[in-house]
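See below for the structure under consideration.
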Amino acid sequence: MSTSTELLSDQLAATTLLRFATAGSVDDGKSTLVGRLLHDSKSVLVDQLEAVEHASRSRGQEAPDLALLTDGLRAEREQGITIDVAYRYFATSRRRFILADTPGHVQYTRNMVTGASTAELAVVLVDARNGVVEQTRRHAAVAALLRVPHVVLAVNKMDLVDYRESVFATIAEEFTTYASELGVPEITAIPISALAGDNVVEPSAHMDWYGGPTVLEHLETVPVSHDLTACHARFPVQYVIRPQTADHPDYRGYAGQIAAGAFRVGEQITVLPSGRTSTITGIDALGESVDIAWAPQSVTIRLADDIDISRGDLLAPSGDAPAVTQDIEATVCHVADRTLTVGQRVLLKHTTRTVKAIVKEIPSRLTLDDLSQHPDPGQLVTNDIGRVVVRTAEPLALDAYADSRRTGSFLLIDPADGTTLAAGMAGESFATAKAVVDVADEEGWDF
């Protein structure tokens, strides 16, 4: 009989899923690439293709404009959806995919943050005629900051530069050097023509000098780590269940979604931030009792002791619990139209817990051109990437983002109207943090 760990591995092996995001500057051909990928992988419904063909003919185009497959999403953004990402779902015989389609314009960099936050791979497009531009560097920085493990540089429009190997090699070298300095662990450069279909799904007949994979082949074969049992187990409590009915007079369960790792019946856990300990006596999933549960399952955990636990508390194995702190050093991507300033009062949302906080210091802002740090900028504006020091009113149990993307991330929110100001990643990144400087707050939020 297989053990619970073997059962977990078997179930994970049966599900091959890749989450990836696309990014690129305006007019680099991202919509055409997505359309070509969906079309050539036969992931487009017949009626969708007929509609694209009809729209293309009405514009006087002989061949179908595959970019029209995503034009509706772009129109939605123009109507005011500025912090949202459109998702496409498709599959081949080798793998299932969730594609986060992010816009290219500089003011929508915030969408790149949203789309890449859960991605295991990012496809960054570059126009072969223009090479690496500022937005390319910004997307590379966001991918590195969000710890996306695999980055594909798709050098597009190779047909417009006569498929010259020298053009591709120059762009690939520049981008690889830049991204490597940011700490991107794996970079794969692929020359493509999304319009003509070269190296997107089928190998190109025009670039016999290239011997690497096509975009789809790389997406199908890139290794994806699903060894959730090796992750730091974390369970943010969303809701306390106490029916107090005749059938369940003493039932007390803690419901939520497992953020990382796996939990087992009989395991000793610590409740944070209180530090109280107990033992898991039961796990309920989909109305049945199970011996083990893992991320991202939504479950109810029952404990041996009646402990004061509420929404926002975090359950973790007693031997692997994160540190509790009120002083957070992090890198943030500023996504709001309003500025983030030293001394500003904010709300910090971490998993299911939201607490008051003060921005105590902004030690530096990243300069994308040369990756230098501009010291003490005093504020961050839209699309800035910088280091911050935040003091919270209540203790939080955060992991370093390098260890856990789910429990090492947080949002800074404007307490006046609920606007998301910044997305934060706790701990070190490619930036260097400075010492905390105590800043007095004149409005009473001095923790």
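We name chains A, B, ... following the order of the structure tokens; residues begin at 1 in each chain, and ligands are numbered from 1 as shown.
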**OP:** Mind checking which residues fall within 10 Å of Ala323 of chain A, counting only C-alpha atoms, ignoring those fewer than 5 positions away in the same chain, and posting them as an NGL selection string?
**Re:** :A and (272-273 or 395-400)
Subject >> Members of segment 120-344 of chain A assigned helix (DSSP H, G or I) by DSSP, as a PyMOL selection string >> reply: chain A and resi 134-145+158-161+165-182+215-221+228-230+318-320
Original post:
By how many Å are atom CA of Asp376 of chain A and atom CA of Phe175 of chain A apart?
Top reply: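 According to the coordinates, atom CA of Asp376 of chain A and atom CA of Phe175 of chain A are separated by 28.3 Å.
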Could you give me, as a PDB file with all heavy atoms, in the first residue's frame, the residues within 7 Å of segment 331-334 of chain A, counting only C-alpha atoms and dropping anything in the same chain fewer than 3 positions from it?
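What landed in part.pdb:
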ATOM      1  N   LEU A 380       7.928  57.066  -4.114  1.00  0.00           N
ATOM      2  CA  LEU A 380       7.867  56.225  -5.297  1.00  0.00           C
ATOM      3  C   LEU A 380       6.646  56.629  -6.091  1.00  0.00           C
ATOM      4  O   LEU A 380       5.581  56.893  -5.515  1.00  0.00           O
ATOM      5  CB  LEU A 380       7.770  54.744  -4.910  1.00  0.00           C
ATOM      6  CG  LEU A 380       8.954  54.134  -4.145  1.00  0.00           C
ATOM      7  CD1 LEU A 380       8.665  52.684  -3.783  1.00  0.00           C
ATOM      8  CD2 LEU A 380      10.251  54.230  -4.956  1.00  0.00           C
ATOM      9  N   VAL A 381       6.777  56.680  -7.412  1.00  0.00           N
ATOM     10  CA  VAL A 381       5.654  57.018  -8.282  1.00  0.00           C
ATOM     11  C   VAL A 381       5.299  55.790  -9.116  1.00  0.00           C
ATOM     12  O   VAL A 381       5.930  54.734  -9.007  1.00  0.00           O
ATOM     13  CB  VAL A 381       5.990  58.223  -9.177  1.00  0.00           C
ATOM     14  CG1 VAL A 381       6.299  59.443  -8.332  1.00  0.00           C
ATOM     15  CG2 VAL A 381       7.175  57.906 -10.096  1.00  0.00           C
ATOM     16  N   THR A 382       4.294  55.923  -9.955  1.00  0.00           N
ATOM     17  CA  THR A 382       3.781  54.803 -10.731  1.00  0.00           C
ATOM     18  C   THR A 382       4.885  54.069 -11.484  1.00  0.00           C
ATOM     19  O   THR A 382       5.712  54.709 -12.148  1.00  0.00           O
ATOM     20  CB  THR A 382       2.732  55.298 -11.744  1.00  0.00           C
ATOM     21  OG1 THR A 382       1.732  56.042 -11.051  1.00  0.00           O
ATOM     22  CG2 THR A 382       2.076  54.128 -12.459  1.00  0.00           C
ATOM     23  N   ASN A 383       4.904  52.742 -11.351  1.00  0.00           N
ATOM     24  CA  ASN A 383       5.833  51.836 -12.022  1.00  0.00           C
ATOM     25  C   ASN A 383       7.237  51.841 -11.432  1.00  0.00           C
ATOM     26  O   ASN A 383       8.108  51.121 -11.914  1.00  0.00           O
ATOM     27  CB  ASN A 383       5.922  52.111 -13.533  1.00  0.00           C
ATOM     28  CG  ASN A 383       4.630  51.796 -14.250  1.00  0.00           C
ATOM     29  OD1 ASN A 383       3.909  50.881 -13.873  1.00  0.00           O
ATOM     30  ND2 ASN A 383       4.316  52.571 -15.274  1.00  0.00           N
ATOM     31  N   ASP A 384       7.481  52.627 -10.384  1.00  0.00           N
ATOM     32  CA  ASP A 384       8.783  52.586  -9.726  1.00  0.00           C
ATOM     33  C   ASP A 384       8.968  51.254  -9.002  1.00  0.00           C
ATOM     34  O   ASP A 384       8.013  50.662  -8.481  1.00  0.00           O
ATOM     35  CB  ASP A 384       8.910  53.716  -8.698  1.00  0.00           C
ATOM     36  CG  ASP A 384       9.381  55.016  -9.321  1.00  0.00           C
ATOM     37  OD1 ASP A 384       9.773  54.994 -10.506  1.00  0.00           O
ATOM     38  OD2 ASP A 384       9.357  56.048  -8.621  1.00  0.00           O
ATOM     39  N   ILE A 385      10.208  50.795  -8.958  1.00  0.00           N
ATOM     40  CA  ILE A 385      10.593  49.631  -8.156  1.00  0.00           C
ATOM     41  C   ILE A 385      11.592  50.118  -7.123  1.00  0.00           C
ATOM     42  O   ILE A 385      12.614  50.725  -7.469  1.00  0.00           O
ATOM     43  CB  ILE A 385      11.225  48.530  -9.032  1.00  0.00           C
ATOM     44  CG1 ILE A 385      10.215  48.020 -10.059  1.00  0.00           C
ATOM     45  CG2 ILE A 385      11.735  47.378  -8.183  1.00  0.00           C
ATOM     46  CD1 ILE A 385      10.807  47.055 -11.078  1.00  0.00           C
ATOM     47  N   GLY A 386      11.297  49.897  -5.854  1.00  0.00           N
ATOM     48  CA  GLY A 386      12.179  50.422  -4.814  1.00  0.00           C
ATOM     49  C   GLY A 386      12.127  49.613  -3.542  1.00  0.00           C
ATOM     50  O   GLY A 386      11.270  48.742  -3.360  1.00  0.00           O
ATOM     51  N   ARG A 387      13.060  49.914  -2.658  1.00  0.00           N
ATOM     52  CA  ARG A 387      13.105  49.282  -1.343  1.00  0.00           C
ATOM     53  C   ARG A 387      12.312  50.127  -0.356  1.00  0.00           C
ATOM     54  O   ARG A 387      12.320  51.364  -0.414  1.00  0.00           O
ATOM     55  CB  ARG A 387      14.542  49.165  -0.852  1.00  0.00           C
ATOM     56  CG  ARG A 387      15.422  48.238  -1.680  1.00  0.00           C
ATOM     57  CD  ARG A 387      15.061  46.799  -1.483  1.00  0.00           C
ATOM     58  NE  ARG A 387      15.292  46.325  -0.124  1.00  0.00           N
ATOM     59  CZ  ARG A 387      15.004  45.101   0.306  1.00  0.00           C
ATOM     60  NH1 ARG A 387      14.460  44.226  -0.521  1.00  0.00           N
ATOM     61  NH2 ARG A 387      15.247  44.738   1.548  1.00  0.00           N
ATOM     62  N   VAL A 388      11.594  49.482   0.563  1.00  0.00           N
ATOM     63  CA  VAL A 388      10.856  50.181   1.607  1.00  0.00           C
ATOM     64  C   VAL A 388      11.086  49.485   2.943  1.00  0.00           C
ATOM     65  O   VAL A 388      11.419  48.295   2.985  1.00  0.00           O
ATOM     66  CB  VAL A 388       9.335  50.249   1.328  1.00  0.00           C
ATOM     67  CG1 VAL A 388       9.043  50.986   0.038  1.00  0.00           C
ATOM     68  CG2 VAL A 388       8.734  48.850   1.306  1.00  0.00           C
ATOM     69  N   LEU A 421      -1.769  50.356  -3.542  1.00  0.00           N
ATOM     70  CA  LEU A 421      -0.661  51.263  -3.807  1.00  0.00           C
ATOM     71  C   LEU A 421       0.561  50.540  -4.366  1.00  0.00           C
ATOM     72  O   LEU A 421       1.195  51.006  -5.302  1.00  0.00           O
ATOM     73  CB  LEU A 421      -0.273  52.008  -2.520  1.00  0.00           C
ATOM     74  CG  LEU A 421      -1.364  52.856  -1.863  1.00  0.00           C
ATOM     75  CD1 LEU A 421      -0.879  53.401  -0.536  1.00  0.00           C
ATOM     76  CD2 LEU A 421      -1.768  53.999  -2.794  1.00  0.00           C
ATOM     77  N   ALA A 422       0.903  49.399  -3.753  1.00  0.00           N
ATOM     78  CA  ALA A 422       2.131  48.715  -4.135  1.00  0.00           C
ATOM     79  C   ALA A 422       2.016  47.233  -3.836  1.00  0.00           C
ATOM     80  O   ALA A 422       1.308  46.820  -2.917  1.00  0.00           O
ATOM     81  CB  ALA A 422       3.333  49.317  -3.408  1.00  0.00           C
ATOM     82  N   ALA A 423       2.739  46.449  -4.618  1.00  0.00           N
ATOM     83  CA  ALA A 423       2.887  45.014  -4.362  1.00  0.00           C
ATOM     84  C   ALA A 423       4.278  44.799  -3.808  1.00  0.00           C
ATOM     85  O   ALA A 423       5.266  45.247  -4.402  1.00  0.00           O
ATOM     86  CB  ALA A 423       2.690  44.216  -5.654  1.00  0.00           C
ATOM     87  N   GLY A 424       4.355  44.131  -2.649  1.00  0.00           N
ATOM     88  CA  GLY A 424       5.629  44.002  -1.953  1.00  0.00           C
ATOM     89  C   GLY A 424       6.123  42.577  -1.863  1.00  0.00           C
ATOM     90  O   GLY A 424       5.344  41.631  -1.794  1.00  0.00           O
ATOM     91  N   MET A 425       7.445  42.436  -1.867  1.00  0.00           N
ATOM     92  CA  MET A 425       8.127  41.155  -1.724  1.00  0.00           C
ATOM     93  C   MET A 425       9.099  41.267  -0.565  1.00  0.00           C
ATOM     94  O   MET A 425      10.088  42.010  -0.636  1.00  0.00           O
ATOM     95  CB  MET A 425       8.880  40.785  -3.016  1.00  0.00           C
ATOM     96  CG  MET A 425       8.000  40.242  -4.130  1.00  0.00           C
ATOM     97  SD  MET A 425       6.724  41.377  -4.756  1.00  0.00           S
ATOM     98  CE  MET A 425       7.700  42.639  -5.536  1.00  0.00           C
ATOM     99  N   ALA A 426       8.840  40.536   0.520  1.00  0.00           N
ATOM    100  CA  ALA A 426       9.626  40.662   1.745  1.00  0.00           C
ATOM    101  C   ALA A 426      11.018  40.090   1.576  1.00  0.00           C
ATOM    102  O   ALA A 426      11.231  39.109   0.855  1.00  0.00           O
ATOM    103  CB  ALA A 426       8.911  39.963   2.897  1.00  0.00           C
ATOM    104  N   SER A 429      16.131  41.181  -2.480  1.00  0.00           N
ATOM    105  CA  SER A 429      15.875  40.869  -3.889  1.00  0.00           C
ATOM    106  C   SER A 429      17.175  41.143  -4.620  1.00  0.00           C
ATOM    107  O   SER A 429      18.242  40.813  -4.126  1.00  0.00           O
ATOM    108  CB  SER A 429      14.734  41.731  -4.417  1.00  0.00           C
ATOM    109  OG  SER A 429      15.086  43.105  -4.323  1.00  0.00           O
TER     110      SER A 429
END
**OP:** Write out as a list of chain:residue names the residues lying within 9 Å of Arg88 of chain A, counting only C-alpha atoms and excluding same-chain residues fewer than 3 positions away.
**Re:**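 The filter keeps A:Phe97, A:Ile98, A:Leu99, A:Ala100, A:Asp101.
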Subject >> Spatial neighbours of Leu37 of chain A, max dist 9 Å, only C-alpha atoms, sep filter under 6 positions, as a list in words >> reply: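 In the requested form, the answer reads Ser43, Ala194, Gly197, Val200, Val201, Val215 and Leu216 of chain A.
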Same residues, all heavy atoms, output as a PDB file, in the first residue's frame:
ATOM      1  N   SER A  43      -6.094  25.495 -30.594  1.00  0.00           N
ATOM      2  CA  SER A  43      -6.819  25.819 -29.365  1.00  0.00           C
ATOM      3  C   SER A  43      -7.874  26.891 -29.596  1.00  0.00           C
ATOM      4  O   SER A  43      -8.386  27.480 -28.647  1.00  0.00           O
ATOM      5  CB  SER A  43      -5.838  26.284 -28.286  1.00  0.00           C
ATOM      6  OG  SER A  43      -4.874  25.298 -28.009  1.00  0.00           O
ATOM      7  N   ALA A 194       6.026  35.907 -35.345  1.00  0.00           N
ATOM      8  CA  ALA A 194       4.670  35.534 -34.947  1.00  0.00           C
ATOM      9  C   ALA A 194       3.705  35.658 -36.117  1.00  0.00           C
ATOM     10  O   ALA A 194       2.773  34.867 -36.258  1.00  0.00           O
ATOM     11  CB  ALA A 194       4.209  36.406 -33.779  1.00  0.00           C
ATOM     12  N   GLY A 197       4.603  32.723 -38.383  1.00  0.00           N
ATOM     13  CA  GLY A 197       4.551  31.448 -37.685  1.00  0.00           C
ATOM     14  C   GLY A 197       5.901  30.786 -37.476  1.00  0.00           C
ATOM     15  O   GLY A 197       5.966  29.650 -36.994  1.00  0.00           O
ATOM     16  N   VAL A 200       7.163  29.439 -33.714  1.00  0.00           N
ATOM     17  CA  VAL A 200       6.161  29.577 -32.657  1.00  0.00           C
ATOM     18  C   VAL A 200       5.654  28.191 -32.268  1.00  0.00           C
ATOM     19  O   VAL A 200       5.827  27.753 -31.134  1.00  0.00           O
ATOM     20  CB  VAL A 200       4.990  30.478 -33.098  1.00  0.00           C
ATOM     21  CG1 VAL A 200       3.946  30.570 -31.985  1.00  0.00           C
ATOM     22  CG2 VAL A 200       5.510  31.871 -33.437  1.00  0.00           C
ATOM     23  N   VAL A 201       5.051  27.508 -33.224  1.00  0.00           N
ATOM     24  CA  VAL A 201       4.644  26.117 -33.008  1.00  0.00           C
ATOM     25  C   VAL A 201       5.461  25.187 -33.893  1.00  0.00           C
ATOM     26  O   VAL A 201       5.916  24.132 -33.465  1.00  0.00           O
ATOM     27  CB  VAL A 201       3.134  25.934 -33.270  1.00  0.00           C
ATOM     28  CG1 VAL A 201       2.741  24.459 -33.221  1.00  0.00           C
ATOM     29  CG2 VAL A 201       2.335  26.725 -32.231  1.00  0.00           C
ATOM     30  N   VAL A 215       8.721  27.944 -29.556  1.00  0.00           N
ATOM     31  CA  VAL A 215       8.121  28.467 -28.331  1.00  0.00           C
ATOM     32  C   VAL A 215       7.241  27.409 -27.667  1.00  0.00           C
ATOM     33  O   VAL A 215       7.355  27.156 -26.468  1.00  0.00           O
ATOM     34  CB  VAL A 215       7.292  29.738 -28.628  1.00  0.00           C
ATOM     35  CG1 VAL A 215       6.533  30.186 -27.377  1.00  0.00           C
ATOM     36  CG2 VAL A 215       8.199  30.863 -29.122  1.00  0.00           C
ATOM     37  N   LEU A 216       6.370  26.767 -28.445  1.00  0.00           N
ATOM     38  CA  LEU A 216       5.475  25.773 -27.861  1.00  0.00           C
ATOM     39  C   LEU A 216       6.251  24.564 -27.335  1.00  0.00           C
ATOM     40  O   LEU A 216       5.937  24.040 -26.268  1.00  0.00           O
ATOM     41  CB  LEU A 216       4.435  25.314 -28.882  1.00  0.00           C
ATOM     42  CG  LEU A 216       3.413  24.294 -28.353  1.00  0.00           C
ATOM     43  CD1 LEU A 216       2.624  24.875 -27.188  1.00  0.00           C
ATOM     44  CD2 LEU A 216       2.479  23.835 -29.447  1.00  0.00           C
TER      45      LEU A 216
END
Original post:
Mind pulling up the distance from atom CA of Val124 of chain A to atom CA of Gln379 of chain A?
Top reply: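 Rounded to one decimal, the two atoms are 28.6 Å apart.
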Original post:
Between A:Ser404, A:Arg365, A:Met207, A:Thr325, which is the closest to Gly261 of chain A once you count only C-alpha atoms?
Top reply: A:Ser404
Original post:
Which parts of segment 285-361 of chain A does DSSP call strand (DSSP E or B) when run on the backbone here, written out as a ChimeraX atom specification?
Top reply: /A:285,288-290,292-294,298-303,314-317,324-334,340-341,345-350,353-361
Could the residues in this selection be written to a file with C-alpha atoms, as a compact mmCIF listing (two decimals), in the first residue's frame?
# COMPACT_ATOMS: atom_id res chain seq x y z
CA ALA A 285 -11.74 18.32 2.30
CA GLU A 288 -14.64 13.98 3.60
CA SER A 289 -11.95 13.39 6.19
CA VAL A 290 -8.44 12.98 4.76
CA ILE A 292 -3.11 14.72 4.18
CA ALA A 293 -3.82 17.92 2.25
CA TRP A 294 -1.58 20.16 0.19
CA SER A 298 -9.19 24.50 0.37
CA VAL A 299 -9.74 22.53 3.56
CA THR A 300 -10.89 22.72 7.16
CA ILE A 301 -8.34 21.81 9.82
CA ARG A 302 -9.35 20.57 13.27
CA LEU A 303 -7.06 20.82 16.29
CA LEU A 314 -1.40 31.44 10.29
CA LEU A 315 -0.91 27.74 11.00
CA ALA A 316 2.56 26.29 10.38
CA PRO A 317 4.47 23.16 11.45
CA VAL A 324 7.04 37.02 13.65
CA THR A 325 7.93 40.67 13.14
CA GLN A 326 6.55 44.20 13.00
CA ASP A 327 9.45 45.58 10.94
CA ILE A 328 9.36 44.57 7.28
CA GLU A 329 12.08 45.29 4.75
CA ALA A 330 10.94 44.63 1.22
CA THR A 331 11.08 45.53 -2.43
CA VAL A 332 7.88 46.95 -3.89
CA CYS A 333 6.46 47.64 -7.32
CA HIS A 334 4.45 50.84 -7.04
CA LEU A 340 4.06 56.48 -1.91
CA THR A 341 5.95 58.66 0.58
CA ARG A 345 -0.08 55.58 6.69
CA VAL A 346 -1.16 52.47 4.82
CA LEU A 347 -2.87 49.14 5.31
CA LEU A 348 -0.74 46.06 4.77
CA LYS A 349 -2.56 42.95 3.52
CA HIS A 350 -0.67 39.69 3.99
CA ARG A 353 -4.56 39.37 7.55
CA THR A 354 -4.80 43.16 7.13
CA VAL A 355 -3.08 45.50 9.59
CA LYS A 356 -2.27 49.20 9.89
CA ALA A 357 1.25 50.21 8.97
CA ILE A 358 3.55 53.18 8.37
CA VAL A 359 6.14 53.58 5.63
CA LYS A 360 9.16 54.33 7.79
CA GLU A 361 11.77 54.63 5.05
Subject >> Residues near Ala119 of chain A, cut-off 10 Å, only C-alpha atoms, skip fewer than 6 positions along chain, as an NGL selection string >> reply: :A and (18-22 or 98-100 or 143 or 146-150)
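With atom CA of Gly378 of chain A on one side and atom CA of Ile362 of chain A on the other, the separation reads 6.1 Å.
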Subject >> Contacts of Leu160 of chain A at 10 Å (only C-alpha atoms; same-chain gap of 5+ positions) as a PyMOL selection string >> reply: chain A and resi 127-129+193
